[in-house]
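Asker: First the structure, which I've put down as structure tokens, then a few questions once you've had a look.
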Amino acid sequence: LQNVESARTRLQNLMPITITLPLEAAKLKKDYSKNELHDTLSLIRRESEHAYPTITVKVSRGPNLQRPGNEENGYRNRTSSGPNPKIKFFLTITGAVGDSENIIQCVTKLRNHFYKQSEVEKQGDVMQCRSTTYYFSGKVENVIKCFRVFQETLPVSLKFNVEESELIAKVRETAPKSEGELLNHFDSSWNLHVAMKKSVLGGEQIYEHDVKRFTGIITTTQANITRMYTYRRAIMSAPFKGPKVVAHDFLKFTGGQALKQFISMNTKYGFMYSMKPDIAGPPVYSVCTLPQMKELS
């Protein structure tokens, strides 16, 4: 499990994230053409303070410059009021989630370079963060935090094969006469769903010396992943429990733990809603004291 968690952490950090900085003409130091933007980016990339080898920056056309049938990055479709004539171009900054701090620094320095000083001193422009098909808007530091919180709500499953003798007696005796299924239910005390079904790798006991094999699948949210690892240890007999594994904490900011608890307590709602929306019932709203917005900034 240590290797599983290590691989999961690396994959989480390698997920691409895109920050889009709008270049609104009135806020810029000058009226840049696309070629001028490219030339300026080439110059500032050569400066050591802008050397971010794992981050790419490109110029995209603004919504008012989109050609019919070629809505770059989908901005025309997402602008309910139509093209915005004030925005000629966007700077699109892309990097891995693990490079979040460098992304923030890069966006900040680009903004300082292109924007008028009076605009730089303001609270900050609305920026859009894109990963796959999800979008978040706000200040660059906050959209990255928002993306991290969103990741914690995503489902995750742990799948493993076991022999009957490796399970604790309570699990083995749960349904001794079932057709190869020991567990299949949502455990509200752990906020996860567990299934223990007959394995395709020798689940039948044909001869007396044959052993029964099962495939276990534990499903929960990423916010609850440490308890998922712990649950696996809890249903295994002593010689097969393995070491304790603690999931990497991606919400290392004020209120992060409260948000993780809130997400975990709504795991059942999310699981049931994905299966049968009509019987999911209402989500849990007040399981803990949630952080205020000022605490998240």
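Identifiers in the structure tokens: chain A, B, ... in order shown; residue index from 1 per chain; ligand index from 1 in order shown.
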Compile the contact shell of Asn102 (chain A) as a short mmCIF file (atom, residue, chain, number, x, y, z; two decimals) with all heavy atoms, in the first residue's frame: residues with an atom at most 10 Å away, counting only C-alpha atoms, same-chain residues fewer than 2 positions apart removed.

Answerer:
data_model
loop_
_atom_site.label_atom_id
_atom_site.label_comp_id
_atom_site.auth_asym_id
_atom_site.auth_seq_id
_atom_site.Cartn_x
_atom_site.Cartn_y
_atom_site.Cartn_z
N HIS A 50 12.13 34.66 -14.69
CA HIS A 50 10.99 34.07 -15.39
C HIS A 50 11.31 32.68 -15.91
O HIS A 50 10.60 32.16 -16.77
CB HIS A 50 10.56 34.97 -16.57
CG HIS A 50 9.93 36.26 -16.14
ND1 HIS A 50 8.62 36.36 -15.76
CD2 HIS A 50 10.46 37.50 -16.00
CE1 HIS A 50 8.34 37.61 -15.43
NE2 HIS A 50 9.45 38.32 -15.57
N ALA A 51 12.37 32.07 -15.40
CA ALA A 51 12.80 30.76 -15.89
C ALA A 51 12.00 29.67 -15.18
O ALA A 51 12.34 29.24 -14.07
CB ALA A 51 14.29 30.57 -15.66
N TYR A 52 10.90 29.24 -15.78
CA TYR A 52 10.09 28.15 -15.25
C TYR A 52 10.03 27.06 -16.32
O TYR A 52 9.10 27.01 -17.14
CB TYR A 52 8.68 28.63 -14.90
CG TYR A 52 8.65 29.73 -13.86
CD1 TYR A 52 8.35 31.04 -14.20
CD2 TYR A 52 8.94 29.43 -12.52
CE1 TYR A 52 8.34 32.04 -13.23
CE2 TYR A 52 8.92 30.43 -11.55
CZ TYR A 52 8.63 31.72 -11.91
OH TYR A 52 8.61 32.71 -10.94
N PRO A 53 11.01 26.17 -16.35
CA PRO A 53 11.12 25.19 -17.43
C PRO A 53 9.96 24.21 -17.51
O PRO A 53 9.72 23.62 -18.57
CB PRO A 53 12.44 24.45 -17.11
CG PRO A 53 12.66 24.68 -15.66
CD PRO A 53 12.11 26.04 -15.36
N THR A 54 9.22 24.01 -16.41
CA THR A 54 8.11 23.05 -16.42
C THR A 54 6.76 23.71 -16.70
O THR A 54 5.73 23.04 -16.64
CB THR A 54 8.03 22.31 -15.07
OG1 THR A 54 7.86 23.26 -14.02
CG2 THR A 54 9.31 21.51 -14.82
N ILE A 55 6.77 25.01 -17.02
CA ILE A 55 5.53 25.74 -17.27
C ILE A 55 5.55 26.32 -18.67
O ILE A 55 6.55 26.87 -19.11
CB ILE A 55 5.35 26.87 -16.23
CG1 ILE A 55 5.23 26.27 -14.82
CG2 ILE A 55 4.12 27.73 -16.54
CD1 ILE A 55 5.21 27.30 -13.72
N GLY A 95 0.80 24.05 -16.40
CA GLY A 95 1.83 23.30 -15.67
C GLY A 95 1.19 22.19 -14.87
O GLY A 95 -0.03 22.00 -14.89
N ALA A 96 1.99 21.43 -14.16
CA ALA A 96 1.48 20.35 -13.32
C ALA A 96 1.01 20.91 -11.98
O ALA A 96 1.49 21.95 -11.52
CB ALA A 96 2.56 19.30 -13.09
N VAL A 97 0.05 20.22 -11.36
CA VAL A 97 -0.47 20.68 -10.07
C VAL A 97 0.65 20.77 -9.04
O VAL A 97 0.66 21.66 -8.19
CB VAL A 97 -1.57 19.72 -9.57
CG1 VAL A 97 -2.08 20.15 -8.20
CG2 VAL A 97 -2.73 19.70 -10.55
N GLY A 98 1.62 19.88 -9.14
CA GLY A 98 2.74 19.91 -8.21
C GLY A 98 3.60 21.16 -8.33
O GLY A 98 4.37 21.48 -7.42
N ASP A 99 3.45 21.88 -9.46
CA ASP A 99 4.18 23.13 -9.67
C ASP A 99 3.31 24.35 -9.37
O ASP A 99 3.53 25.42 -9.94
CB ASP A 99 4.68 23.20 -11.12
CG ASP A 99 5.89 22.33 -11.36
OD1 ASP A 99 6.62 22.08 -10.39
OD2 ASP A 99 6.09 21.88 -12.50
N SER A 100 2.33 24.18 -8.50
CA SER A 100 1.37 25.26 -8.22
C SER A 100 2.05 26.56 -7.80
O SER A 100 1.68 27.65 -8.25
CB SER A 100 0.38 24.82 -7.14
OG SER A 100 -0.42 23.76 -7.60
N ILE A 104 1.78 30.15 -9.71
CA ILE A 104 1.35 31.40 -9.07
C ILE A 104 2.38 32.51 -9.30
O ILE A 104 2.04 33.64 -9.66
CB ILE A 104 1.12 31.18 -7.57
CG1 ILE A 104 -0.08 30.26 -7.35
CG2 ILE A 104 0.90 32.52 -6.85
CD1 ILE A 104 -0.28 29.83 -5.91
N GLN A 105 3.66 32.18 -9.11
CA GLN A 105 4.72 33.17 -9.31
C GLN A 105 4.78 33.62 -10.76
O GLN A 105 4.95 34.81 -11.05
CB GLN A 105 6.07 32.58 -8.89
CG GLN A 105 6.21 32.33 -7.41
CD GLN A 105 7.54 31.69 -7.05
OE1 GLN A 105 8.53 31.87 -7.75
NE2 GLN A 105 7.56 30.94 -5.96
N CYS A 106 4.64 32.66 -11.69
CA CYS A 106 4.70 33.00 -13.11
C CYS A 106 3.56 33.93 -13.51
O CYS A 106 3.77 34.93 -14.19
CB CYS A 106 4.65 31.71 -13.93
SG CYS A 106 4.82 31.95 -15.71
N VAL A 107 2.33 33.59 -13.06
CA VAL A 107 1.16 34.42 -13.38
C VAL A 107 1.34 35.82 -12.80
O VAL A 107 1.06 36.84 -13.46
CB VAL A 107 -0.12 33.76 -12.84
CG1 VAL A 107 -1.31 34.73 -12.95
CG2 VAL A 107 -0.43 32.48 -13.60
N THR A 108 1.81 35.88 -11.57
CA THR A 108 2.00 37.18 -10.90
C THR A 108 3.01 38.04 -11.65
O THR A 108 2.80 39.25 -11.87
CB THR A 108 2.47 36.96 -9.45
OG1 THR A 108 1.49 36.18 -8.75
CG2 THR A 108 2.64 38.30 -8.74
#

Asker: From the list A:Tyr229, A:Phe253, A:Phe186, A:Phe240, which residue is nearest Ser157 (chain A) when using only C-alpha atoms?

Answerer: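 Among the listed residues, the smallest separation from Ser157 (chain A) belongs to A:Tyr229.
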
Asker: Might you pull out every residue within 12 Å of region 15-17 of chain A, with only C-alpha atoms counted and same-chain residues fewer than 2 positions away left off, and present them as a ChimeraX atom specification?

Answerer: /A:8-13,19-20,54-56,92-100,103-104,128-136,140,143-148,151

Asker: Using CA of Gly242 (chain A) and CA of Asn184 (chain A) as the two end points, give the distance in Å to one decimal.

Answerer: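 Interatomic distance, CA of Gly242 (chain A) to CA of Asn184 (chain A): 23.1 Å.
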
Asker: Provide the CA of Val156 (chain A) to CA of Ala195 (chain A) distance in Å, to one decimal place.

Answerer: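 So the answer is 13.9 Å.
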